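Enquirer: Provided herewith: target.pdb, PDB, C-alpha atoms.
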MODEL        1
ATOM      1  CA  MET H   1     -61.899  16.224  71.941  1.00  0.00           C
ATOM      2  CA  THR H   2     -59.203  16.748  69.309  1.00  0.00           C
ATOM      3  CA  GLU H   3     -59.208  14.699  66.105  1.00  0.00           C
ATOM      4  CA  MET H   4     -56.166  13.509  64.188  1.00  0.00           C
ATOM      5  CA  ASN H   5     -56.068  15.562  60.983  1.00  0.00           C
ATOM      6  CA  HIS H   6     -53.105  14.205  59.037  1.00  0.00           C
ATOM      7  CA  VAL H   7     -49.533  12.963  59.232  1.00  0.00           C
ATOM      8  CA  GLY H   8     -46.774  14.073  56.878  1.00  0.00           C
ATOM      9  CA  VAL H   9     -44.327  11.475  55.551  1.00  0.00           C
ATOM     10  CA  THR H  10     -41.261  12.037  53.370  1.00  0.00           C
ATOM     11  CA  VAL H  11     -40.612   9.621  50.499  1.00  0.00           C
ATOM     12  CA  PRO H  12     -37.968   9.646  47.733  1.00  0.00           C
ATOM     13  CA  ASP H  13     -40.413   8.986  44.845  1.00  0.00           C
ATOM     14  CA  ILE H  14     -43.884  10.419  45.335  1.00  0.00           C
ATOM     15  CA  GLU H  15     -45.551   8.851  42.298  1.00  0.00           C
ATOM     16  CA  THR H  16     -44.456   5.365  43.357  1.00  0.00           C
ATOM     17  CA  ALA H  17     -45.396   6.081  46.980  1.00  0.00           C
ATOM     18  CA  ILE H  18     -48.891   7.222  45.998  1.00  0.00           C
ATOM     19  CA  GLU H  19     -49.374   4.006  44.046  1.00  0.00           C
ATOM     20  CA  TRP H  20     -48.078   1.946  46.990  1.00  0.00           C
ATOM     21  CA  TYR H  21     -50.310   3.533  49.641  1.00  0.00           C
ATOM     22  CA  VAL H  22     -53.355   3.293  47.375  1.00  0.00           C
ATOM     23  CA  THR H  23     -52.671  -0.304  46.292  1.00  0.00           C
ATOM     24  CA  ALA H  24     -51.263  -1.817  49.504  1.00  0.00           C
ATOM     25  CA  LEU H  25     -53.381   0.017  52.085  1.00  0.00           C
ATOM     26  CA  GLY H  26     -56.411   1.199  50.138  1.00  0.00           C
ATOM     27  CA  LEU H  27     -55.957   4.923  50.795  1.00  0.00           C
ATOM     28  CA  GLU H  28     -57.680   7.379  48.462  1.00  0.00           C
ATOM     29  CA  LEU H  29     -55.724  10.023  46.568  1.00  0.00           C
ATOM     30  CA  LEU H  30     -57.361  13.425  47.085  1.00  0.00           C
ATOM     31  CA  ALA H  31     -54.831  15.681  45.329  1.00  0.00           C
ATOM     32  CA  GLY H  32     -51.430  15.492  43.730  1.00  0.00           C
ATOM     33  CA  PRO H  33     -48.767  15.055  43.153  1.00  0.00           C
ATOM     34  CA  LEU H  34     -48.422  18.823  43.177  1.00  0.00           C
ATOM     35  CA  ARG H  35     -45.145  20.554  42.431  1.00  0.00           C
ATOM     36  CA  CYS H  36     -44.291  23.404  44.801  1.00  0.00           C
ATOM     37  CA  ASP H  37     -41.294  25.723  44.643  1.00  0.00           C
ATOM     38  CA  LEU H  38     -40.335  29.330  45.293  1.00  0.00           C
ATOM     39  CA  THR H  39     -42.531  30.501  42.398  1.00  0.00           C
ATOM     40  CA  THR H  40     -45.756  28.716  43.368  1.00  0.00           C
ATOM     41  CA  ARG H  41     -48.552  29.772  45.687  1.00  0.00           C
ATOM     42  CA  GLY H  42     -47.676  29.116  49.325  1.00  0.00           C
ATOM     43  CA  ALA H  43     -43.913  29.538  48.838  1.00  0.00           C
ATOM     44  CA  ASP H  44     -43.609  32.022  51.722  1.00  0.00           C
ATOM     45  CA  ARG H  45     -45.424  29.649  54.082  1.00  0.00           C
ATOM     46  CA  ARG H  46     -43.323  26.670  53.029  1.00  0.00           C
ATOM     47  CA  THR H  47     -40.077  28.617  53.389  1.00  0.00           C
ATOM     48  CA  ASN H  48     -41.190  29.628  56.873  1.00  0.00           C
ATOM     49  CA  VAL H  49     -42.000  26.024  57.815  1.00  0.00           C
ATOM     50  CA  PHE H  50     -39.052  24.217  56.172  1.00  0.00           C
ATOM     51  CA  GLY H  51     -36.408  26.951  56.419  1.00  0.00           C
ATOM     52  CA  GLN H  52     -34.351  29.006  54.022  1.00  0.00           C
ATOM     53  CA  ARG H  53     -32.725  25.929  52.395  1.00  0.00           C
ATOM     54  CA  TRP H  54     -36.096  24.801  51.026  1.00  0.00           C
ATOM     55  CA  ARG H  55     -36.444  25.387  47.298  1.00  0.00           C
ATOM     56  CA  GLY H  56     -38.869  22.774  45.966  1.00  0.00           C
ATOM     57  CA  MET H  57     -40.889  19.624  46.516  1.00  0.00           C
ATOM     58  CA  LYS H  58     -43.786  17.523  45.341  1.00  0.00           C
ATOM     59  CA  LEU H  59     -46.663  16.736  47.658  1.00  0.00           C
ATOM     60  CA  ALA H  60     -49.802  14.630  47.635  1.00  0.00           C
ATOM     61  CA  HIS H  61     -52.825  14.318  49.895  1.00  0.00           C
ATOM     62  CA  LEU H  62     -54.297  10.878  50.644  1.00  0.00           C
ATOM     63  CA  VAL H  63     -57.043   9.911  53.069  1.00  0.00           C
ATOM     64  CA  THR H  64     -58.073   6.831  55.034  1.00  0.00           C
ATOM     65  CA  LYS H  65     -61.596   5.469  55.247  1.00  0.00           C
ATOM     66  CA  ASN H  66     -62.208   7.338  58.529  1.00  0.00           C
ATOM     67  CA  GLY H  67     -60.968  10.665  57.147  1.00  0.00           C
ATOM     68  CA  ALA H  68     -57.445  10.824  58.587  1.00  0.00           C
ATOM     69  CA  GLY H  69     -54.998  12.301  56.115  1.00  0.00           C
ATOM     70  CA  LEU H  70     -51.607  11.148  54.919  1.00  0.00           C
ATOM     71  CA  GLU H  71     -49.584  13.922  53.296  1.00  0.00           C
ATOM     72  CA  LEU H  72     -46.669  12.639  51.238  1.00  0.00           C
ATOM     73  CA  PHE H  73     -43.640  14.832  50.559  1.00  0.00           C
ATOM     74  CA  GLU H  74     -40.852  14.349  48.028  1.00  0.00           C
ATOM     75  CA  PHE H  75     -38.305  17.089  48.591  1.00  0.00           C
ATOM     76  CA  ILE H  76     -36.470  18.070  45.429  1.00  0.00           C
ATOM     77  CA  ASP H  77     -34.231  20.889  46.703  1.00  0.00           C
ATOM     78  CA  PRO H  78     -32.758  19.930  49.049  1.00  0.00           C
ATOM     79  CA  VAL H  79     -33.172  16.298  47.997  1.00  0.00           C
ATOM     80  CA  VAL H  80     -34.582  13.533  50.184  1.00  0.00           C
ATOM     81  CA  VAL H  81     -31.997  11.713  52.290  1.00  0.00           C
ATOM     82  CA  THR H  82     -32.725   8.175  53.448  1.00  0.00           C
ATOM     83  CA  PRO H  83     -31.400   7.571  56.984  1.00  0.00           C
ATOM     84  CA  ASP H  84     -29.328   4.501  57.819  1.00  0.00           C
ATOM     85  CA  GLU H  85     -31.707   3.616  60.673  1.00  0.00           C
ATOM     86  CA  THR H  86     -35.316   3.375  59.503  1.00  0.00           C
ATOM     87  CA  PHE H  87     -36.848   2.610  62.906  1.00  0.00           C
ATOM     88  CA  PRO H  88     -35.402   5.136  65.372  1.00  0.00           C
ATOM     89  CA  TYR H  89     -37.853   4.194  68.105  1.00  0.00           C
ATOM     90  CA  ASN H  90     -35.575   5.537  70.839  1.00  0.00           C
ATOM     91  CA  GLN H  91     -35.396   9.036  69.334  1.00  0.00           C
ATOM     92  CA  VAL H  92     -37.890  11.791  70.009  1.00  0.00           C
ATOM     93  CA  GLY H  93     -40.575  12.008  67.335  1.00  0.00           C
ATOM     94  CA  PRO H  94     -42.880   9.667  65.460  1.00  0.00           C
ATOM     95  CA  HIS H  95     -41.510   6.253  64.559  1.00  0.00           C
ATOM     96  CA  HIS H  96     -44.432   4.472  62.891  1.00  0.00           C
ATOM     97  CA  LEU H  97     -47.821   4.912  61.240  1.00  0.00           C
ATOM     98  CA  ALA H  98     -50.629   2.564  62.221  1.00  0.00           C
ATOM     99  CA  PHE H  99     -53.613   1.703  60.042  1.00  0.00           C
ATOM    100  CA  THR H 100     -56.757  -0.201  61.018  1.00  0.00           C
ATOM    101  CA  VAL H 101     -57.489  -2.594  58.167  1.00  0.00           C
ATOM    102  CA  ASP H 102     -60.650  -4.461  57.196  1.00  0.00           C
ATOM    103  CA  ASP H 103     -58.900  -7.621  55.980  1.00  0.00           C
ATOM    104  CA  PHE H 104     -55.680  -8.165  57.925  1.00  0.00           C
ATOM    105  CA  ASP H 105     -54.317 -11.111  55.916  1.00  0.00           C
ATOM    106  CA  ALA H 106     -55.108  -9.525  52.531  1.00  0.00           C
ATOM    107  CA  THR H 107     -53.497  -6.238  53.589  1.00  0.00           C
ATOM    108  CA  LEU H 108     -50.335  -7.958  54.799  1.00  0.00           C
ATOM    109  CA  ARG H 109     -50.174  -9.835  51.485  1.00  0.00           C
ATOM    110  CA  ALA H 110     -50.668  -6.576  49.546  1.00  0.00           C
ATOM    111  CA  ILE H 111     -47.890  -4.876  51.508  1.00  0.00           C
ATOM    112  CA  LEU H 112     -45.470  -7.697  50.720  1.00  0.00           C
ATOM    113  CA  GLU H 113     -46.539  -8.099  47.080  1.00  0.00           C
ATOM    114  CA  ASN H 114     -46.016  -4.386  46.470  1.00  0.00           C
ATOM    115  CA  GLY H 115     -42.460  -4.123  47.794  1.00  0.00           C
ATOM    116  CA  GLY H 116     -43.120  -3.623  51.494  1.00  0.00           C
ATOM    117  CA  VAL H 117     -41.330  -5.573  54.218  1.00  0.00           C
ATOM    118  CA  GLN H 118     -42.693  -7.430  57.239  1.00  0.00           C
ATOM    119  CA  ARG H 119     -40.623  -6.265  60.268  1.00  0.00           C
ATOM    120  CA  SER H 120     -42.288  -8.375  62.956  1.00  0.00           C
ATOM    121  CA  LYS H 121     -44.329 -11.488  63.422  1.00  0.00           C
ATOM    122  CA  VAL H 122     -48.105 -11.187  63.444  1.00  0.00           C
ATOM    123  CA  PHE H 123     -49.063 -10.830  67.083  1.00  0.00           C
ATOM    124  CA  ASP H 124     -52.458 -11.685  68.546  1.00  0.00           C
ATOM    125  CA  VAL H 125     -52.544  -9.123  71.342  1.00  0.00           C
ATOM    126  CA  ASN H 126     -55.986  -9.897  72.711  1.00  0.00           C
ATOM    127  CA  ASP H 127     -57.930 -12.900  71.495  1.00  0.00           C
ATOM    128  CA  GLY H 128     -58.099 -12.104  67.791  1.00  0.00           C
ATOM    129  CA  GLU H 129     -56.799  -8.524  67.763  1.00  0.00           C
ATOM    130  CA  LEU H 130     -53.900  -8.766  65.341  1.00  0.00           C
ATOM    131  CA  ILE H 131     -50.969  -6.397  64.800  1.00  0.00           C
ATOM    132  CA  CYS H 132     -47.907  -6.543  62.568  1.00  0.00           C
ATOM    133  CA  TYR H 133     -45.111  -4.052  61.982  1.00  0.00           C
ATOM    134  CA  CYS H 134     -44.089  -3.619  58.348  1.00  0.00           C
ATOM    135  CA  GLN H 135     -42.227  -1.070  56.238  1.00  0.00           C
ATOM    136  CA  ASP H 136     -43.166   0.695  53.056  1.00  0.00           C
ATOM    137  CA  PRO H 137     -40.571   0.319  50.272  1.00  0.00           C
ATOM    138  CA  TRP H 138     -38.735   3.449  51.544  1.00  0.00           C
ATOM    139  CA  GLY H 139     -38.297   2.374  55.155  1.00  0.00           C
ATOM    140  CA  ASN H 140     -41.234   4.159  56.802  1.00  0.00           C
ATOM    141  CA  VAL H 141     -42.576   1.825  59.477  1.00  0.00           C
ATOM    142  CA  VAL H 142     -46.247   0.925  59.002  1.00  0.00           C
ATOM    143  CA  GLU H 143     -48.211  -1.064  61.560  1.00  0.00           C
ATOM    144  CA  ILE H 144     -51.383  -2.814  60.490  1.00  0.00           C
ATOM    145  CA  VAL H 145     -54.038  -3.479  63.106  1.00  0.00           C
ATOM    146  CA  SER H 146     -57.204  -5.571  62.891  1.00  0.00           C
ATOM    147  CA  LYS H 147     -59.231  -3.526  65.433  1.00  0.00           C
ATOM    148  CA  ASP H 148     -59.747   0.178  65.937  1.00  0.00           C
ATOM    149  CA  TYR H 149     -57.425   2.033  68.276  1.00  0.00           C
ATOM    150  CA  VAL H 150     -59.813   2.432  71.208  1.00  0.00           C
ATOM    151  CA  ASP H 151     -60.537  -1.307  71.308  1.00  0.00           C
ATOM    152  CA  LEU H 152     -56.869  -2.193  70.926  1.00  0.00           C
ATOM    153  CA  ALA H 153     -55.533   0.302  73.469  1.00  0.00           C
ATOM    154  CA  THR H 154     -58.039  -0.553  76.185  1.00  0.00           C
ATOM    155  CA  ALA H 155     -57.565  -4.297  75.671  1.00  0.00           C
ATOM    156  CA  THR H 156     -53.761  -4.113  75.733  1.00  0.00           C
ATOM    157  CA  ALA H 157     -53.488  -1.624  78.611  1.00  0.00           C
ATOM    158  CA  ILE H 158     -53.247  -4.561  80.979  1.00  0.00           C
ATOM    159  CA  ASP H 159     -50.279  -6.144  79.104  1.00  0.00           C
TER     160      ASP H 159
ENDMDL
END
Give the structure from the file, written as C-alpha cells.

Expert:
Amino acid sequence: MTEMNHVGVTVPDIETAIEWYVTALGLELLAGPLRCDLTTRGADRRTNVFGQRWRGMKLAHLVTKNGAGLELFEFIDPVVVTPDETFPYNQVGPHHLAFTVDDFDATLRAILENGGVQRSKVFDVNDGELICYCQDPWGNVVEIVSKDYVDLATATAID
C-alpha cells in the first residue's frame, strides 16, 4: 500500500506560516526556512519542476505526529499571488488539507486565536466524530477531524 509522504502548500510569509502551523496545529518543524535560488544546490531540479520563470523561494519542512509531511513554499521570484477564490472546490486539484487532532475543541480555539478562520459549523458526522472546515490566515482550507481517516471514511460512507 502507498503512504502519503507530504503535501506542498504555498504561503506569502513562510516564517509566519511556520509559526501558525506549529502553534495552531502542533506540527513539528524539521527544517527551514531555507532560501533557494538559481545559485543554491538543487536549482536545476527546481527550475525543471517550476519552470523557467522560477528564480527563488523559501521552503520549510514540517511533520505531523504520524509522519506525514507539510512542505511550505514562499515564492520570491516570481512572487506569491493570492487568488480571489480561496476554496476552488469545483476545480481540478487539491482544495483542502485535513488533520486528525487529539483535542478538537482546543485545536479549533488555537486556529481562531492565531488568525485562522472557521469556514463551517462543527459537524458531528457519526456519533461523536467531529469535523470543521477552517482556513489558515492565508486562505488555505484546513479541515480538522476528531477521528482518523479510516474510521471517518468508513463511518460516513453510508451518508

Enquirer: Figure out the distance between atom CA of H:Tyr21 and atom CA of H:Gly69, please, to one decimal in Å.

Expert: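 According to the coordinates, atom CA of H:Gly69 and atom CA of H:Tyr21 are separated by 11.9 Å.
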
Enquirer: With distances taken over all atoms listed in the file, which residue among H:Phe99, H:Tyr149, H:Trp54, H:Phe73 lies nearest H:Ala17?

Expert: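 For H:Ala17, the nearest of the given residues is H:Phe73.
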
Enquirer: Between atom CA of H:Phe104 and atom CA of H:Leu70, measure the distance and give it in Å to one decimal.

Expert: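 Distance between the two atoms: 20.0 Å.
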
Enquirer: Do you have, as a Markdown table, the list of residues of stretch 58-110 of chain H lying at most 12 Å from stretch 123-132 of chain H, each with its nearest atom pair and that distance in Å to one decimal, counting all atoms listed in the file and ordered by chain then number?

Expert:
| residue | atom | partner | partner_atom | distance |
| --- | --- | --- | --- | --- |
| H:His96 | CA | H:Cys132 | CA | 11.6 |
| H:Leu97 | CA | H:Cys132 | CA | 11.5 |
| H:Ala98 | CA | H:Ile131 | CA | 9.3 |
| H:Phe99 | CA | H:Ile131 | CA | 9.8 |
| H:Thr100 | CA | H:Ile131 | CA | 9.3 |
| H:Val101 | CA | H:Ile131 | CA | 10.0 |
| H:Asp102 | CA | H:Leu130 | CA | 11.4 |
| H:Asp103 | CA | H:Leu130 | CA | 10.7 |
| H:Phe104 | CA | H:Leu130 | CA | 7.7 |
| H:Asp105 | CA | H:Leu130 | CA | 9.7 |
| H:Thr107 | CA | H:Cys132 | CA | 10.6 |
| H:Leu108 | CA | H:Cys132 | CA | 8.3 |
| H:Arg109 | CA | H:Cys132 | CA | 11.8 |

Enquirer: I'd like to know which of H:Asp13, H:Asp148, H:Glu28, H:Glu143 is closest to H:Val63, using all atoms listed in the file.

Expert: H:Glu28

Enquirer: Find the residues around H:Ile18 up to 12 Å (only C-alpha atoms counted), leave out those fewer than 4 positions away in its own chain, and share them as number ranges by chain.

Expert: H: 9-14, 22-34, 58-63, 70-74, 114, 136-137

Enquirer: Taking the file as shown, what set of residues would the PyMOL selection byres ((chain H and resi 78) around 7) give back, as number ranges by chain?

Expert: H: 53-55, 75-77, 79-80

Enquirer: Do you know which residues are at most 9 Å from H:Gly116 counting all atoms listed in the file, after dropping those on the same chain fewer than 2 positions away, and could you put them as a VMD selection string?

Expert: chain H and resid 20 24 110 to 114 118 134 to 139

Enquirer: So, with all atoms listed in the file as the atoms that count, which of H:Pro94, H:Thr154, H:Gly115, H:Lys121 lies closest to H:Val7?

Expert: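 Of H:Pro94, H:Thr154, H:Gly115, H:Lys121, the one nearest H:Val7, counting all atoms listed in the file, is H:Pro94.
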
Enquirer: Using the chain letters and numbering of this document, enumerate as a tab-separated table (two decimals) with C-alpha atoms, in the frame of the given file the residues selected by the PyMOL selection byres ((chain H and resi 36) around 6).

Expert:
chain	number	residue	atom	x	y	z
H	35	ARG	CA	-45.14	20.55	42.43
H	37	ASP	CA	-41.29	25.72	44.64
H	40	THR	CA	-45.76	28.72	43.37
H	56	GLY	CA	-38.87	22.77	45.97
H	57	MET	CA	-40.89	19.62	46.52
H	58	LYS	CA	-43.79	17.52	45.34

Enquirer: So the first atom is atom CA of H:Thr64 and the second is atom CA of H:Ala106; what is the distance between them in Å, to one decimal place?

Expert: 16.8 Å

Enquirer: Which residue, H:Ser146, H:Asn140, H:Thr16, H:Thr2, has the smallest gap to H:Thr82 when you use all atoms listed in the file?

Expert: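 So, comparing all the options, the nearest one is H:Asn140.
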
Enquirer: Can you rebuild stretch 26-54 of chain H with N, CA and C atoms and give it as a JSON list (two decimals), in the coordinates of the input?

Expert:
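Okay, part19.json is ready:
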[["chain", "number", "residue", "atom", "x", "y", "z"],
["H", 26, "GLY", "N", -55.08, 0.77, 50.52],
["H", 26, "GLY", "CA", -56.41, 1.20, 50.14],
["H", 26, "GLY", "C", -56.72, 2.66, 50.43],
["H", 27, "LEU", "N", -55.70, 3.50, 50.59],
["H", 27, "LEU", "CA", -55.96, 4.92, 50.80],
["H", 27, "LEU", "C", -56.47, 5.54, 49.51],
["H", 28, "GLU", "N", -57.14, 6.68, 49.63],
["H", 28, "GLU", "CA", -57.68, 7.38, 48.46],
["H", 28, "GLU", "C", -56.84, 8.62, 48.21],
["H", 29, "LEU", "N", -56.46, 8.83, 46.96],
["H", 29, "LEU", "CA", -55.72, 10.02, 46.57],
["H", 29, "LEU", "C", -56.71, 11.18, 46.42],
["H", 30, "LEU", "N", -56.51, 12.24, 47.17],
["H", 30, "LEU", "CA", -57.36, 13.42, 47.08],
["H", 30, "LEU", "C", -56.79, 14.46, 46.12],
["H", 31, "ALA", "N", -55.47, 14.66, 46.17],
["H", 31, "ALA", "CA", -54.83, 15.68, 45.33],
["H", 31, "ALA", "C", -53.35, 15.36, 45.16],
["H", 32, "GLY", "N", -52.86, 15.63, 43.97],
["H", 32, "GLY", "CA", -51.43, 15.49, 43.73],
["H", 32, "GLY", "C", -51.10, 14.35, 42.80],
["H", 33, "PRO", "N", -49.82, 14.26, 42.53],
["H", 33, "PRO", "CA", -48.77, 15.06, 43.15],
["H", 33, "PRO", "C", -48.74, 16.48, 42.60],
["H", 34, "LEU", "N", -48.51, 17.41, 43.51],
["H", 34, "LEU", "CA", -48.42, 18.82, 43.18],
["H", 34, "LEU", "C", -46.97, 19.26, 43.30],
["H", 35, "ARG", "N", -46.51, 20.04, 42.37],
["H", 35, "ARG", "CA", -45.14, 20.55, 42.43],
["H", 35, "ARG", "C", -45.18, 21.94, 43.08],
["H", 36, "CYS", "N", -44.35, 22.14, 44.07],
["H", 36, "CYS", "CA", -44.29, 23.40, 44.80],
["H", 36, "CYS", "C", -42.84, 23.87, 44.84],
["H", 37, "ASP", "N", -42.64, 25.15, 44.55],
["H", 37, "ASP", "CA", -41.29, 25.72, 44.64],
["H", 37, "ASP", "C", -41.42, 27.19, 45.01],
["H", 38, "LEU", "N", -40.34, 27.93, 44.89],
["H", 38, "LEU", "CA", -40.34, 29.33, 45.29],
["H", 38, "LEU", "C", -41.23, 30.21, 44.43],
["H", 39, "THR", "N", -41.69, 29.69, 43.29],
["H", 39, "THR", "CA", -42.53, 30.50, 42.40],
["H", 39, "THR", "C", -44.01, 30.16, 42.53],
["H", 40, "THR", "N", -44.36, 29.14, 43.29],
["H", 40, "THR", "CA", -45.76, 28.72, 43.37],
["H", 40, "THR", "C", -46.44, 29.29, 44.61],
["H", 41, "ARG", "N", -47.74, 29.29, 44.56],
["H", 41, "ARG", "CA", -48.55, 29.77, 45.69],
["H", 41, "ARG", "C", -48.17, 29.02, 46.96],
["H", 42, "GLY", "N", -48.03, 29.73, 48.05],
["H", 42, "GLY", "CA", -47.68, 29.12, 49.32],
["H", 42, "GLY", "C", -46.18, 29.05, 49.58],
["H", 43, "ALA", "N", -45.38, 29.61, 48.69],
["H", 43, "ALA", "CA", -43.91, 29.54, 48.84],
["H", 43, "ALA", "C", -43.45, 30.19, 50.13],
["H", 44, "ASP", "N", -44.02, 31.34, 50.49],
["H", 44, "ASP", "CA", -43.61, 32.02, 51.72],
["H", 44, "ASP", "C", -43.89, 31.15, 52.94],
["H", 45, "ARG", "N", -45.06, 30.53, 52.96],
["H", 45, "ARG", "CA", -45.42, 29.65, 54.08],
["H", 45, "ARG", "C", -44.47, 28.47, 54.16],
["H", 46, "ARG", "N", -44.20, 27.85, 53.03],
["H", 46, "ARG", "CA", -43.32, 26.67, 53.03],
["H", 46, "ARG", "C", -41.89, 27.03, 53.44],
["H", 47, "THR", "N", -41.41, 28.18, 52.98],
["H", 47, "THR", "CA", -40.08, 28.62, 53.39],
["H", 47, "THR", "C", -40.04, 28.86, 54.89],
["H", 48, "ASN", "N", -41.12, 29.40, 55.44],
["H", 48, "ASN", "CA", -41.19, 29.63, 56.87],
["H", 48, "ASN", "C", -41.18, 28.31, 57.64],
["H", 49, "VAL", "N", -41.90, 27.32, 57.14],
["H", 49, "VAL", "CA", -42.00, 26.02, 57.82],
["H", 49, "VAL", "C", -40.70, 25.22, 57.67],
["H", 50, "PHE", "N", -40.19, 25.10, 56.44],
["H", 50, "PHE", "CA", -39.05, 24.22, 56.17],
["H", 50, "PHE", "C", -37.70, 24.91, 56.28],
["H", 51, "GLY", "N", -37.66, 26.22, 56.29],
["H", 51, "GLY", "CA", -36.41, 26.95, 56.42],
["H", 51, "GLY", "C", -35.90, 27.49, 55.09],
["H", 52, "GLN", "N", -34.88, 28.30, 55.19],
["H", 52, "GLN", "CA", -34.35, 29.01, 54.02],
["H", 52, "GLN", "C", -33.70, 28.08, 52.99],
["H", 53, "ARG", "N", -33.31, 26.87, 53.36],
["H", 53, "ARG", "CA", -32.72, 25.93, 52.40],
["H", 53, "ARG", "C", -33.76, 25.37, 51.44],
["H", 54, "TRP", "N", -35.04, 25.40, 51.85],
["H", 54, "TRP", "CA", -36.10, 24.80, 51.03],
["H", 54, "TRP", "C", -36.24, 25.56, 49.72]]
